[in-house]
Structure formats: C-alpha cells, structure tokens
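One structure is given here, and the rest of the page talks about it.
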Amino acid sequence: MPIQFDVDPAVAQLAASTSAFVREVVIPAERDCGGSLHDAPESVRETLQKGAREAGVFAPHVATRWGGHGLDLRGQAVVFEAVGYSLLGPLALNCAAPDEGNMHLLEKVATEDQKERYLRPLAAGEVRSCFAMTEPAPGAGADPRSLRTTATRVPGGWRIDGRKWFISGARGAGFAIVMARTAGNPGDPGGATMFLVDAGTPGMSIVRDIETLDEGLFAGHSEIVFDECVVGDDQVLGAVGHGFEGAQVRLGPARITHCMRWLGAARRAQDAALERAGSRMAFGSVLGDLGMVQQMLADSEIDIEASRALILRTAWELDTGSTAAQLTSVSKTFVAEAVNRVVDRAVQICGALGISAADAPLARLFREVRPFRIYDGPSETHRFAIARRAVRPYRQPSASAAGS
C-alpha cells in the first residue's frame, strides 16, 4: 500500500485558521501568564476554548459525533503542529494531554453509556480528566508491570487501594482513568484493569501538587491516594484484566500526538533563532552569515524536517490499522531529542535574549521541552524496546533458550 502524505485542502485550511488563532489570541494569553498553567484559573481555559469555538478550530481530533472535526492522525499531525506553536495552544483547542489521549481511549474502548457520561462532556470542554497509572517507586513507572495499586472485588463493584503520583491535570479534573491490578503480582505482565473514577468519590484524595521543571500543563502534576475507594461495575473501562492492552490503545497514538505538538514548539524556537540570525549584527555581519550559526540553523532545519517525516509515517501506519509499535518508539525517541536540540540551539543563537523570560519565549520553551524526554516513556526505555524488536528476527533458537 503506498504511503499517503497528501494534505487534504480542508485540513490545510483548518491548520491555517489554527495558526492564525494561535498567533492572534493564544500567544498574547501565553505572555500574560508567563507560560505557567500549573496554578492558572479555570477562566483562562474557558476563555481560550470559547475563542477556539468561535474561530471554528475547537477539538480537531474528536469525531464529529462529539462535536469535533474528526481528523485522522495524519490530519492531526498538520493541525497539532500549528497548535503546539504556543504552550497554551493545545489547551485552547481542547487537544492537550492528558485529555486528548483520554478522549481517544474512551472513543475506542468505552461503552455507549460511558461515552455519554464521560466522553461527551470531556470533548465539549465541560470537564477535564486525568490518567492515573504512574506510582512512586517501586511501583509502576517506565515499567508498567510494576503496578502495585490494587482493585479488589466487593459487592456491586471494586475497592481501589494505592498511591499514584505525577498525575497530570488531576487537580480540578472531573474524573480519573485509574489503572489498578485486579490479578497477579507486581512484575506480572497482565492482570491490570482500568476504572473510571469520578472526582469526589470517597476514598480518592489529592494529597499534594508536585513542583516540576515544566509549568505549561494545566493544573500541573499531583499525587493521589486511593484508600478503600469503591466504584461500581459500570465504571470498569474495557475488559477486566486487560487494562495494559487498553492502555496501549491510548499510549501509542498519545506518544505521536505529543510529538506533533512539541514539533510546533520547535518550529517556534527555530523562528526566533532565524529572526535573530537575520537581524543581529556582530563581527561585521549579521549572525546568519557566520558559519557556526549557519550550522546550528541548518541542523535545526534537518531535525524539524526529519521529525515531521517520522511523525507522518507513524501516523499513516496507525491510521491504516497497524499498532506501529516500533515506529512509535522510534518517533517518540527521535522527536523528543530533536526538539530539545532545536530549542537549545535557538537559545544559544539568541544569547542573552534566549535566556530572558520577559523578552522571548525560548526560556519558557527550554524549561518545557526537557521533560518530554521522560514523559510517555524515557528515551532509554524506548531504545531498549527498539533494539529488542530489531534483533528478534535474527535471534537463534539456541540463544533464545539460553536467555530465557
């Protein structure tokens, strides 16, 4: 099957409208709050999303049934890059993590009743959500099989007990998608189940907000305790015991949509570097005429183009029904590191201006992109998986037996 990267004219128009909205409305709002959304009031989100609806660019990723534009992943790649040009862009269009990934998961896995109860208000921006899987050590982190939070059968439902942390967007969320172990022990490959837990459910409490390097995610990152938190059978998301499989429905596309949004941030950093290189006089010429600056600019252009190509190839594979496990890991690793390189070079080219939080966006972007190499699986974990898949067809039976 030939790979199709052609951009539909309607998608191109939506991307152009998104770009204009981000530049004219969202970036001024970003400047006003200094790019920090951890403690931003709900009114910021509500105002931006109202503007996105009025501009006709709201929810590009959600099916038309739920009020969105219904773009496939290749279409999202084009629009999300435009969205990511501002740290507040994803929030404004209601396609920020973790809500965007949760919408995709609910569309694919939830029952019709669950879709009406959870997906419809989430897609409309009436509520926010979170995805509670990561735990303090020795619990689930880069290795989800270490899951220690448990869900135990009780009459009419399940009792959840455990602790989660670095749960993005938890404070003020209308509900959480919680991963808990319903069978087996930590280290076992299966036995997990996903649950939909409404905010205010007795036994679920946010015990603290965690200060982090990044500040651009609405409501920040929190630690949550589940202590005899009881939910009904109708709040099981997907099949009991198949939570890890359900999570992959979310995590694969969510990794690539992260890449799409952060590519927009890289493009913005490069634009700042190009503007500086074309106007700043030093050593008798503009910076852009100096060889070392030219090399940095060229390397950033290469990183951006290579990232975009990987994103589109992965999106095509996912759109055509492949799990794209290998390409998803390759793209997440490469793009996360490429984005960091682009922003770092832009800071270097802009010099003192690059580290000024007041006069340029680069200091904010630099702070935000570093955690991307950890979120959704650190680069080292993805490299381990990439190498393991690559060597699998070449592994001799005797070597497999010896390593088992």
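Letters A, B, ... go to the chains of the structure tokens in the order shown; residues in each chain start at 1; ligands are counted from 1 in the same order.
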Nearby residues (only C-alpha atoms) at most 7 Å from Gly238 in chain A, same-chain spacing under 3 positions excluded, as an mmCIF file with all heavy atoms, in the first residue's frame:
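Output below, filename part_12.cif:
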data_model
loop_
_atom_site.group_PDB
_atom_site.id
_atom_site.type_symbol
_atom_site.label_atom_id
_atom_site.label_comp_id
_atom_site.auth_asym_id
_atom_site.auth_seq_id
_atom_site.Cartn_x
_atom_site.Cartn_y
_atom_site.Cartn_z
ATOM 1 N N VAL A 109 -12.759 2.400 23.497
ATOM 2 C CA VAL A 109 -12.927 1.317 24.476
ATOM 3 C C VAL A 109 -14.220 1.422 25.270
ATOM 4 O O VAL A 109 -14.777 0.403 25.673
ATOM 5 C CB VAL A 109 -11.709 1.286 25.435
ATOM 6 C CG1 VAL A 109 -11.882 0.256 26.532
ATOM 7 C CG2 VAL A 109 -10.425 1.016 24.648
ATOM 8 N N ALA A 110 -14.714 2.623 25.523
ATOM 9 C CA ALA A 110 -15.841 2.812 26.440
ATOM 10 C C ALA A 110 -17.139 2.240 25.881
ATOM 11 O O ALA A 110 -17.330 2.147 24.660
ATOM 12 C CB ALA A 110 -16.014 4.298 26.753
ATOM 13 N N MET A 194 -8.624 -1.025 33.968
ATOM 14 C CA MET A 194 -8.837 0.420 34.026
ATOM 15 C C MET A 194 -10.214 0.718 34.614
ATOM 16 O O MET A 194 -11.197 0.036 34.298
ATOM 17 C CB MET A 194 -8.723 1.038 32.629
ATOM 18 C CG MET A 194 -7.336 0.980 32.042
ATOM 19 S SD MET A 194 -7.188 1.866 30.458
ATOM 20 C CE MET A 194 -8.217 0.837 29.399
ATOM 21 N N GLY A 246 -5.649 -2.205 27.009
ATOM 22 C CA GLY A 246 -6.417 -0.984 26.797
ATOM 23 C C GLY A 246 -5.554 0.256 26.832
ATOM 24 O O GLY A 246 -5.753 1.191 26.046
#
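By only C-alpha atoms, and with residues fewer than 4 positions from Gln13 in chain A along its chain excluded, the set lying at most 12 Å from it is Val7, Asp8, Pro9, Ser17, Thr18, Ser19, Ala20, Gly56, Val57, Gly75, Val78, Val79 and Ala82 of chain A.
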With N, CA and C atoms retained, export the selected residues as a tab-separated table (two decimals), in the first residue's frame.
chain	number	residue	atom	x	y	z
A	7	VAL	N	-1.93	16.43	1.98
A	7	VAL	CA	-2.77	17.13	2.94
A	7	VAL	C	-4.06	17.53	2.27
A	8	ASP	N	-5.17	17.08	2.82
A	8	ASP	CA	-6.48	17.45	2.30
A	8	ASP	C	-6.65	18.97	2.39
A	9	PRO	N	-7.22	19.60	1.35
A	9	PRO	CA	-7.39	21.07	1.40
A	9	PRO	C	-8.15	21.56	2.63
A	17	SER	N	-6.18	28.32	9.77
A	17	SER	CA	-7.04	29.03	10.72
A	17	SER	C	-6.53	28.86	12.14
A	18	THR	N	-6.04	27.65	12.44
A	18	THR	CA	-5.47	27.39	13.77
A	18	THR	C	-4.24	28.24	14.00
A	19	SER	N	-3.37	28.29	13.01
A	19	SER	CA	-2.15	29.08	13.13
A	19	SER	C	-2.48	30.55	13.40
A	20	ALA	N	-3.46	31.09	12.67
A	20	ALA	CA	-3.85	32.48	12.87
A	20	ALA	C	-4.41	32.69	14.27
A	56	GLY	N	-13.82	28.40	15.01
A	56	GLY	CA	-14.08	27.18	14.25
A	56	GLY	C	-12.95	26.19	14.24
A	57	VAL	N	-12.08	26.22	15.28
A	57	VAL	CA	-10.92	25.33	15.30
A	57	VAL	C	-10.92	24.40	16.50
A	75	GLY	N	-4.09	14.04	9.59
A	75	GLY	CA	-4.64	15.39	9.67
A	75	GLY	C	-4.27	16.08	10.96
A	78	VAL	N	-0.78	17.75	11.02
A	78	VAL	CA	-0.67	19.08	10.42
A	78	VAL	C	-1.22	20.14	11.36
A	79	VAL	N	-2.38	19.87	11.93
A	79	VAL	CA	-3.04	20.87	12.78
A	79	VAL	C	-2.36	20.98	14.14
A	82	ALA	N	0.58	23.22	14.29
A	82	ALA	CA	0.17	24.62	14.40
A	82	ALA	C	-0.29	24.95	15.82
Just the residues within 12 Å of His382 in chain A, please, counting only C-alpha atoms, with nothing from its chain fewer than 3 positions along; format it as a list in words.
Ala142, Asp143, Arg255, Ala325, Gln326, Leu327, Thr328, Ser329, Val330, Ser331, Lys332, Thr333, Phe334, Ala336, Arg373, Ile374, Tyr375, Asp376, Gly377, Pro378, Ser379, Ala385, Ile386, Ala387, Arg388 and Arg389 of chain A
Pick the closest to Gln76 in chain A from A:Leu91, A:Ala192, A:Val231, A:Met260: which is it, counting only C-alpha atoms?
A:Met260
Which of range 31-253 of chain A DSSP labels alpha helix (DSSP H), written as a compact mmCIF listing (two decimals) with N, CA, C and O atoms, in the first residue's frame:
# COMPACT_ATOMS: atom_id res chain seq x y z
N ARG A 31 1.72 35.08 26.96
CA ARG A 31 2.59 36.13 27.51
C ARG A 31 2.03 36.65 28.82
O ARG A 31 2.77 36.92 29.78
N ASP A 32 0.71 36.80 28.88
CA ASP A 32 0.08 37.35 30.08
C ASP A 32 0.33 36.48 31.31
O ASP A 32 0.49 36.99 32.42
N CYS A 33 0.34 35.15 31.12
CA CYS A 33 0.53 34.25 32.27
C CYS A 33 1.95 33.73 32.36
O CYS A 33 2.25 32.87 33.20
N GLU A 42 -9.54 28.41 36.10
CA GLU A 42 -10.35 27.80 35.05
C GLU A 42 -10.79 28.83 34.01
O GLU A 42 -11.03 28.49 32.86
N SER A 43 -10.90 30.09 34.42
CA SER A 43 -11.35 31.11 33.49
C SER A 43 -10.41 31.25 32.29
O SER A 43 -10.86 31.60 31.19
N VAL A 44 -9.11 30.97 32.49
CA VAL A 44 -8.16 31.03 31.37
C VAL A 44 -8.52 29.97 30.33
O VAL A 44 -8.60 30.25 29.13
N ARG A 45 -8.73 28.75 30.80
CA ARG A 45 -9.11 27.67 29.89
C ARG A 45 -10.44 27.97 29.21
O ARG A 45 -10.58 27.80 27.98
N GLU A 46 -11.42 28.39 29.98
CA GLU A 46 -12.75 28.63 29.44
C GLU A 46 -12.73 29.73 28.38
O GLU A 46 -13.38 29.62 27.33
N THR A 47 -11.98 30.80 28.64
CA THR A 47 -11.91 31.91 27.69
C THR A 47 -11.24 31.49 26.39
O THR A 47 -11.72 31.81 25.29
N LEU A 48 -10.12 30.77 26.51
CA LEU A 48 -9.42 30.32 25.31
C LEU A 48 -10.26 29.34 24.51
O LEU A 48 -10.31 29.42 23.27
N GLN A 49 -10.94 28.43 25.17
CA GLN A 49 -11.74 27.45 24.44
C GLN A 49 -12.97 28.10 23.81
O GLN A 49 -13.39 27.69 22.72
N LYS A 50 -13.52 29.09 24.45
CA LYS A 50 -14.62 29.85 23.84
C LYS A 50 -14.14 30.52 22.56
O LYS A 50 -14.82 30.50 21.52
N GLY A 51 -12.93 31.08 22.60
CA GLY A 51 -12.38 31.71 21.40
C GLY A 51 -12.13 30.70 20.30
O GLY A 51 -12.36 30.99 19.11
N ALA A 52 -11.65 29.50 20.66
CA ALA A 52 -11.40 28.46 19.66
C ALA A 52 -12.69 28.01 19.00
O ALA A 52 -12.73 27.76 17.78
N ARG A 53 -13.77 27.90 19.77
CA ARG A 53 -15.06 27.54 19.19
C ARG A 53 -15.52 28.61 18.20
O ARG A 53 -16.00 28.30 17.10
N GLU A 54 -15.39 29.85 18.61
CA GLU A 54 -15.81 30.95 17.74
C GLU A 54 -14.99 31.01 16.47
O GLU A 54 -15.49 31.39 15.40
N ALA A 55 -13.70 30.61 16.56
CA ALA A 55 -12.83 30.60 15.38
C ALA A 55 -13.02 29.35 14.53
O ALA A 55 -12.44 29.24 13.45
N LEU A 73 -5.09 10.73 12.18
CA LEU A 73 -3.81 11.14 12.77
C LEU A 73 -2.95 11.94 11.81
O LEU A 73 -2.21 12.84 12.22
N ARG A 74 -3.03 11.63 10.50
CA ARG A 74 -2.27 12.44 9.54
C ARG A 74 -2.78 13.87 9.51
O ARG A 74 -1.99 14.83 9.43
N GLY A 75 -4.09 14.04 9.59
CA GLY A 75 -4.64 15.39 9.67
C GLY A 75 -4.27 16.08 10.96
O GLY A 75 -3.93 17.27 10.98
N GLN A 76 -4.32 15.31 12.05
CA GLN A 76 -3.92 15.88 13.34
C GLN A 76 -2.47 16.34 13.32
O GLN A 76 -2.13 17.36 13.93
N ALA A 77 -1.61 15.62 12.61
CA ALA A 77 -0.19 15.98 12.57
C ALA A 77 -0.01 17.40 12.04
O ALA A 77 0.81 18.17 12.55
N VAL A 78 -0.78 17.75 11.02
CA VAL A 78 -0.67 19.08 10.42
C VAL A 78 -1.22 20.14 11.36
O VAL A 78 -0.60 21.19 11.58
N VAL A 79 -2.38 19.87 11.93
CA VAL A 79 -3.04 20.87 12.78
C VAL A 79 -2.36 20.98 14.14
O VAL A 79 -2.16 22.08 14.66
N PHE A 80 -1.96 19.84 14.72
CA PHE A 80 -1.34 19.88 16.04
C PHE A 80 0.00 20.60 16.03
O PHE A 80 0.40 21.19 17.04
N GLU A 81 0.72 20.54 14.92
CA GLU A 81 1.97 21.31 14.85
C GLU A 81 1.66 22.80 14.95
O GLU A 81 2.38 23.55 15.63
N ALA A 82 0.58 23.22 14.29
CA ALA A 82 0.17 24.62 14.40
C ALA A 82 -0.29 24.95 15.82
O ALA A 82 -0.01 26.02 16.35
N VAL A 83 -0.99 24.02 16.44
CA VAL A 83 -1.47 24.19 17.81
C VAL A 83 -0.30 24.36 18.78
O VAL A 83 -0.31 25.22 19.67
N GLY A 89 -1.66 26.58 23.25
CA GLY A 89 -2.45 26.19 22.09
C GLY A 89 -3.25 24.91 22.29
O GLY A 89 -4.46 24.87 22.03
N PRO A 90 -2.61 23.82 22.77
CA PRO A 90 -3.37 22.58 22.98
C PRO A 90 -4.52 22.75 23.97
O PRO A 90 -5.59 22.17 23.79
N LEU A 91 -4.31 23.53 25.02
CA LEU A 91 -5.37 23.78 25.98
C LEU A 91 -6.53 24.50 25.31
O LEU A 91 -7.70 24.14 25.51
N ALA A 92 -6.22 25.49 24.49
CA ALA A 92 -7.26 26.28 23.84
C ALA A 92 -8.14 25.44 22.92
O ALA A 92 -9.36 25.63 22.86
N ASP A 99 -6.07 15.02 28.36
CA ASP A 99 -7.44 14.91 27.87
C ASP A 99 -7.52 14.34 26.46
O ASP A 99 -8.39 13.51 26.16
N GLU A 100 -6.63 14.77 25.59
CA GLU A 100 -6.68 14.29 24.20
C GLU A 100 -6.53 12.78 24.13
O GLU A 100 -7.30 12.08 23.44
N GLY A 101 -5.56 12.22 24.85
CA GLY A 101 -5.38 10.78 24.86
C GLY A 101 -6.56 10.06 25.50
O GLY A 101 -6.96 8.97 25.05
N ASN A 102 -7.13 10.66 26.54
CA ASN A 102 -8.27 10.04 27.20
C ASN A 102 -9.50 10.03 26.29
O ASN A 102 -10.29 9.07 26.30
N MET A 103 -9.67 11.08 25.50
CA MET A 103 -10.79 11.09 24.54
C MET A 103 -10.64 9.96 23.53
O MET A 103 -11.61 9.26 23.21
N HIS A 104 -9.42 9.78 23.03
CA HIS A 104 -9.18 8.70 22.08
C HIS A 104 -9.49 7.35 22.72
O HIS A 104 -10.14 6.49 22.10
N LEU A 105 -9.02 7.15 23.94
CA LEU A 105 -9.25 5.89 24.63
C LEU A 105 -10.74 5.63 24.83
O LEU A 105 -11.24 4.52 24.59
N LEU A 106 -11.47 6.65 25.27
CA LEU A 106 -12.90 6.49 25.51
C LEU A 106 -13.65 6.20 24.21
O LEU A 106 -14.58 5.39 24.19
N GLU A 107 -13.26 6.86 23.13
CA GLU A 107 -13.90 6.59 21.83
C GLU A 107 -13.72 5.14 21.42
O GLU A 107 -14.62 4.53 20.84
N LYS A 108 -12.55 4.57 21.72
CA LYS A 108 -12.23 3.22 21.25
C LYS A 108 -12.71 2.13 22.20
O LYS A 108 -13.02 1.02 21.75
N VAL A 109 -12.76 2.40 23.50
CA VAL A 109 -12.93 1.32 24.48
C VAL A 109 -14.22 1.42 25.27
O VAL A 109 -14.78 0.40 25.67
N GLU A 112 -21.31 2.60 25.33
CA GLU A 112 -22.08 3.76 24.90
C GLU A 112 -22.51 4.61 26.10
O GLU A 112 -22.48 5.84 26.03
N ASP A 113 -22.90 3.97 27.18
CA ASP A 113 -23.27 4.73 28.38
C ASP A 113 -22.08 5.52 28.92
O ASP A 113 -22.22 6.67 29.34
N GLN A 114 -20.90 4.89 28.92
CA GLN A 114 -19.69 5.58 29.40
C GLN A 114 -19.33 6.74 28.49
O GLN A 114 -18.87 7.79 28.97
N ARG A 120 -18.59 12.68 26.19
CA ARG A 120 -19.29 13.85 25.66
C ARG A 120 -18.91 15.14 26.39
O ARG A 120 -18.54 16.13 25.75
N PRO A 121 -18.99 15.18 27.73
CA PRO A 121 -18.59 16.44 28.39
C PRO A 121 -17.11 16.74 28.27
O PRO A 121 -16.72 17.91 28.23
N LEU A 122 -16.28 15.70 28.18
CA LEU A 122 -14.84 15.93 28.03
C LEU A 122 -14.54 16.54 26.66
O LEU A 122 -13.76 17.50 26.54
N ALA A 123 -15.16 16.01 25.62
CA ALA A 123 -14.94 16.52 24.27
C ALA A 123 -15.46 17.96 24.12
O ALA A 123 -14.91 18.75 23.35
N GLY A 243 -6.30 -4.30 31.25
CA GLY A 243 -6.00 -2.87 31.33
C GLY A 243 -4.76 -2.47 30.57
O GLY A 243 -4.71 -1.39 29.95
N PHE A 244 -3.72 -3.33 30.59
CA PHE A 244 -2.50 -2.98 29.86
C PHE A 244 -2.76 -2.91 28.36
O PHE A 244 -2.24 -2.03 27.67
N GLU A 245 -3.58 -3.84 27.86
CA GLU A 245 -3.91 -3.81 26.44
C GLU A 245 -4.72 -2.54 26.11
O GLU A 245 -4.50 -1.91 25.08
N GLY A 246 -5.65 -2.20 27.01
CA GLY A 246 -6.42 -0.98 26.80
C GLY A 246 -5.55 0.26 26.83
O GLY A 246 -5.75 1.19 26.05
N ALA A 247 -4.58 0.26 27.73
CA ALA A 247 -3.69 1.42 27.83
C ALA A 247 -2.90 1.62 26.54
O ALA A 247 -2.62 2.75 26.14
N GLN A 248 -2.55 0.52 25.86
CA GLN A 248 -1.81 0.65 24.60
C GLN A 248 -2.65 1.33 23.53
O GLN A 248 -2.11 1.99 22.64
N VAL A 249 -3.97 1.17 23.60
CA VAL A 249 -4.86 1.87 22.67
C VAL A 249 -4.66 3.37 22.81
O VAL A 249 -4.71 4.12 21.83
N ARG A 250 -4.40 3.80 24.05
CA ARG A 250 -4.20 5.21 24.32
C ARG A 250 -2.76 5.65 24.08
O ARG A 250 -2.49 6.69 23.46
N LEU A 251 -1.81 4.85 24.58
CA LEU A 251 -0.43 5.32 24.67
C LEU A 251 0.26 5.44 23.32
O LEU A 251 1.05 6.36 23.11
N GLY A 252 -0.01 4.53 22.37
CA GLY A 252 0.63 4.63 21.07
C GLY A 252 0.29 5.93 20.36
O GLY A 252 1.18 6.73 20.05
N PRO A 253 -1.00 6.19 20.11
CA PRO A 253 -1.36 7.47 19.49
C PRO A 253 -0.98 8.68 20.34
O PRO A 253 -0.60 9.72 19.80
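Ranking A:Gly354, A:Gly139, A:Gly67, A:Pro98 by their shortest atom-to-atom distance to Ala269 in chain A, with only C-alpha atoms included, puts A:Gly354 first.
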Residues of range 230-325 of chain A within 9 Å of range 148-160 of chain A: nearest atom pair and distance (Å, one decimal) for each, counting only C-alpha atoms, sorted by chain and number, as a Markdown table?
| residue | atom | partner | partner_atom | distance |
| --- | --- | --- | --- | --- |
| A:Val230 | CA | A:Arg159 | CA | 4.3 |
| A:Val231 | CA | A:Trp158 | CA | 5.5 |
| A:Gly232 | CA | A:Gly157 | CA | 4.1 |
| A:Asp233 | CA | A:Gly157 | CA | 4.6 |
| A:Asp234 | CA | A:Gly157 | CA | 8.0 |
| A:Gln235 | CA | A:Gly157 | CA | 8.4 |
| A:Val236 | CA | A:Gly157 | CA | 8.8 |
I'd like the interatomic distance between CA of Arg128 in chain A and CA of Phe166 in chain A, to a tenth of an Å.
16.2 Å
Would you please work out which residue, of A:Glu211, A:Asp39, A:Glu30, A:Asp303, is nearest to Arg364 in chain A when using only C-alpha atoms?
A:Glu30
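Contact shell of Leu287 in chain A at 12 Å (only C-alpha atoms; same-chain neighbours under 2 positions omitted): Ala273, Leu274, Glu275, Arg276, Ala277, Gly278, Ser279, Arg280, Met281, Ala282, Phe283, Gly284, Ser285, Asp289, Leu290, Gly291, Met292, Val293, Gln294, Gln295, Met296, Leu297, Gln348, Ile349, Cys350 and Gly351 of chain A.
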Write the residues you've just listed into a file as an mmCIF file, in the first residue's frame, and include N, CA, C and O atoms for each of them.
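Dumped to selection-v6.cif:
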data_model
loop_
_atom_site.group_PDB
_atom_site.id
_atom_site.type_symbol
_atom_site.label_atom_id
_atom_site.label_comp_id
_atom_site.auth_asym_id
_atom_site.auth_seq_id
_atom_site.Cartn_x
_atom_site.Cartn_y
_atom_site.Cartn_z
ATOM 1 N N ALA A 273 15.108 31.919 16.412
ATOM 2 C CA ALA A 273 16.535 31.896 16.073
ATOM 3 C C ALA A 273 16.779 32.511 14.700
ATOM 4 O O ALA A 273 17.749 33.267 14.503
ATOM 5 N N LEU A 274 15.931 32.207 13.733
ATOM 6 C CA LEU A 274 16.095 32.751 12.380
ATOM 7 C C LEU A 274 15.906 34.264 12.369
ATOM 8 O O LEU A 274 16.649 34.993 11.690
ATOM 9 N N GLU A 275 14.927 34.727 13.122
ATOM 10 C CA GLU A 275 14.704 36.171 13.194
ATOM 11 C C GLU A 275 15.926 36.869 13.794
ATOM 12 O O GLU A 275 16.368 37.920 13.293
ATOM 13 N N ARG A 276 16.477 36.284 14.834
ATOM 14 C CA ARG A 276 17.665 36.862 15.473
ATOM 15 C C ARG A 276 18.867 36.796 14.538
ATOM 16 O O ARG A 276 19.626 37.768 14.406
ATOM 17 N N ALA A 277 19.022 35.664 13.880
ATOM 18 C CA ALA A 277 20.167 35.494 12.978
ATOM 19 C C ALA A 277 20.103 36.429 11.786
ATOM 20 O O ALA A 277 21.146 36.821 11.239
ATOM 21 N N GLY A 278 18.897 36.804 11.388
ATOM 22 C CA GLY A 278 18.756 37.685 10.236
ATOM 23 C C GLY A 278 18.816 39.159 10.568
ATOM 24 O O GLY A 278 18.842 39.993 9.647
ATOM 25 N N SER A 279 18.851 39.514 11.862
ATOM 26 C CA SER A 279 18.791 40.928 12.228
ATOM 27 C C SER A 279 19.933 41.384 13.141
ATOM 28 O O SER A 279 20.301 42.564 13.133
ATOM 29 N N ARG A 280 20.523 40.491 13.884
ATOM 30 C CA ARG A 280 21.548 40.871 14.866
ATOM 31 C C ARG A 280 22.900 41.018 14.185
ATOM 32 O O ARG A 280 23.409 40.078 13.560
ATOM 33 N N MET A 281 23.483 42.205 14.318
ATOM 34 C CA MET A 281 24.803 42.459 13.748
ATOM 35 C C MET A 281 25.885 42.097 14.765
ATOM 36 O O MET A 281 25.795 42.441 15.941
ATOM 37 N N ALA A 282 26.899 41.370 14.304
ATOM 38 C CA ALA A 282 28.034 41.026 15.162
ATOM 39 C C ALA A 282 29.233 40.701 14.281
ATOM 40 O O ALA A 282 29.092 40.032 13.247
ATOM 41 N N PHE A 283 30.400 41.202 14.646
ATOM 42 C CA PHE A 283 31.639 40.922 13.921
ATOM 43 C C PHE A 283 31.547 41.316 12.447
ATOM 44 O O PHE A 283 32.046 40.630 11.550
ATOM 45 N N GLY A 284 30.851 42.434 12.206
ATOM 46 C CA GLY A 284 30.819 42.988 10.862
ATOM 47 C C GLY A 284 29.781 42.414 9.930
ATOM 48 O O GLY A 284 29.750 42.765 8.739
ATOM 49 N N SER A 285 28.894 41.508 10.430
ATOM 50 C CA SER A 285 27.845 40.956 9.570
ATOM 51 C C SER A 285 26.684 40.500 10.433
ATOM 52 O O SER A 285 26.773 40.516 11.663
ATOM 53 N N ASP A 289 25.174 35.083 8.708
ATOM 54 C CA ASP A 289 26.266 34.931 7.737
ATOM 55 C C ASP A 289 27.494 34.262 8.354
ATOM 56 O O ASP A 289 28.478 34.021 7.646
ATOM 57 N N LEU A 290 27.428 33.986 9.647
ATOM 58 C CA LEU A 290 28.555 33.352 10.322
ATOM 59 C C LEU A 290 28.423 31.831 10.247
ATOM 60 O O LEU A 290 27.353 31.272 10.513
ATOM 61 N N GLY A 291 29.503 31.171 9.909
ATOM 62 C CA GLY A 291 29.458 29.738 9.640
ATOM 63 C C GLY A 291 28.936 28.903 10.782
ATOM 64 O O GLY A 291 28.151 27.967 10.580
ATOM 65 N N MET A 292 29.369 29.203 12.015
ATOM 66 C CA MET A 292 28.927 28.387 13.140
ATOM 67 C C MET A 292 27.432 28.549 13.388
ATOM 68 O O MET A 292 26.733 27.587 13.741
ATOM 69 N N VAL A 293 26.917 29.759 13.204
ATOM 70 C CA VAL A 293 25.478 29.984 13.353
ATOM 71 C C VAL A 293 24.722 29.292 12.225
ATOM 72 O O VAL A 293 23.668 28.674 12.441
ATOM 73 N N GLN A 294 25.258 29.359 11.015
ATOM 74 C CA GLN A 294 24.621 28.673 9.889
ATOM 75 C C GLN A 294 24.511 27.170 10.141
ATOM 76 O O GLN A 294 23.499 26.549 9.819
ATOM 77 N N GLN A 295 25.546 26.593 10.729
ATOM 78 C CA GLN A 295 25.497 25.154 11.006
ATOM 79 C C GLN A 295 24.386 24.835 11.998
ATOM 80 O O GLN A 295 23.648 23.862 11.815
ATOM 81 N N MET A 296 24.258 25.634 13.048
ATOM 82 C CA MET A 296 23.198 25.388 14.021
ATOM 83 C C MET A 296 21.820 25.536 13.391
ATOM 84 O O MET A 296 20.917 24.717 13.634
ATOM 85 N N LEU A 297 21.642 26.567 12.570
ATOM 86 C CA LEU A 297 20.352 26.761 11.902
ATOM 87 C C LEU A 297 20.038 25.597 10.964
ATOM 88 O O LEU A 297 18.903 25.104 10.923
ATOM 89 N N GLN A 348 21.080 29.322 22.254
ATOM 90 C CA GLN A 348 22.474 29.676 22.051
ATOM 91 C C GLN A 348 22.622 30.786 21.013
ATOM 92 O O GLN A 348 23.411 31.724 21.190
ATOM 93 N N ILE A 349 21.873 30.700 19.946
ATOM 94 C CA ILE A 349 21.958 31.710 18.886
ATOM 95 C C ILE A 349 21.473 33.063 19.393
ATOM 96 O O ILE A 349 22.046 34.113 19.062
ATOM 97 N N CYS A 350 20.434 33.047 20.220
ATOM 98 C CA CYS A 350 19.868 34.309 20.697
ATOM 99 C C CYS A 350 20.627 34.877 21.897
ATOM 100 O O CYS A 350 20.370 36.018 22.300
ATOM 101 N N GLY A 351 21.555 34.104 22.459
ATOM 102 C CA GLY A 351 22.396 34.624 23.528
ATOM 103 C C GLY A 351 21.602 35.044 24.747
ATOM 104 O O GLY A 351 20.722 34.316 25.217
#
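Distance check against Arg267 in chain A using only C-alpha atoms: of A:Gly34, A:Gly187, A:Gly84, A:Gly141, the minimum falls on A:Gly84.
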With a distance cut-off of 9 Å and only C-alpha atoms, select the neighbouring residues of Val339 in chain A, excluding the residue or stretch itself and same-chain residues fewer than 2 positions from it, and output the selection as a count of residues only.
21
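Of all the residues in range 244-343 of chain A, the ones DSSP labels as strand (DSSP E) from the backbone are Met281, Ala282, Ser285 and Val286 of chain A.
One distance worth recording is that between CA of Glu135 in chain A and CA of Leu147 in chain A, which is 7.5 Å.
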Can you pull out every residue within 9 Å of Trp165 in chain A, counting only C-alpha atoms, but drop anything in the same chain fewer than 2 positions away, and send it as a count of residues only?
14
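Taking CA of Ser398 in chain A as the reference point, CA of Arg145 in chain A is found at 27.2 Å.
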Give me the residues within 9 Å of Gly70 in chain A as a count of residues only, counting only C-alpha atoms and dropping any in the same chain fewer than 4 places off.
8
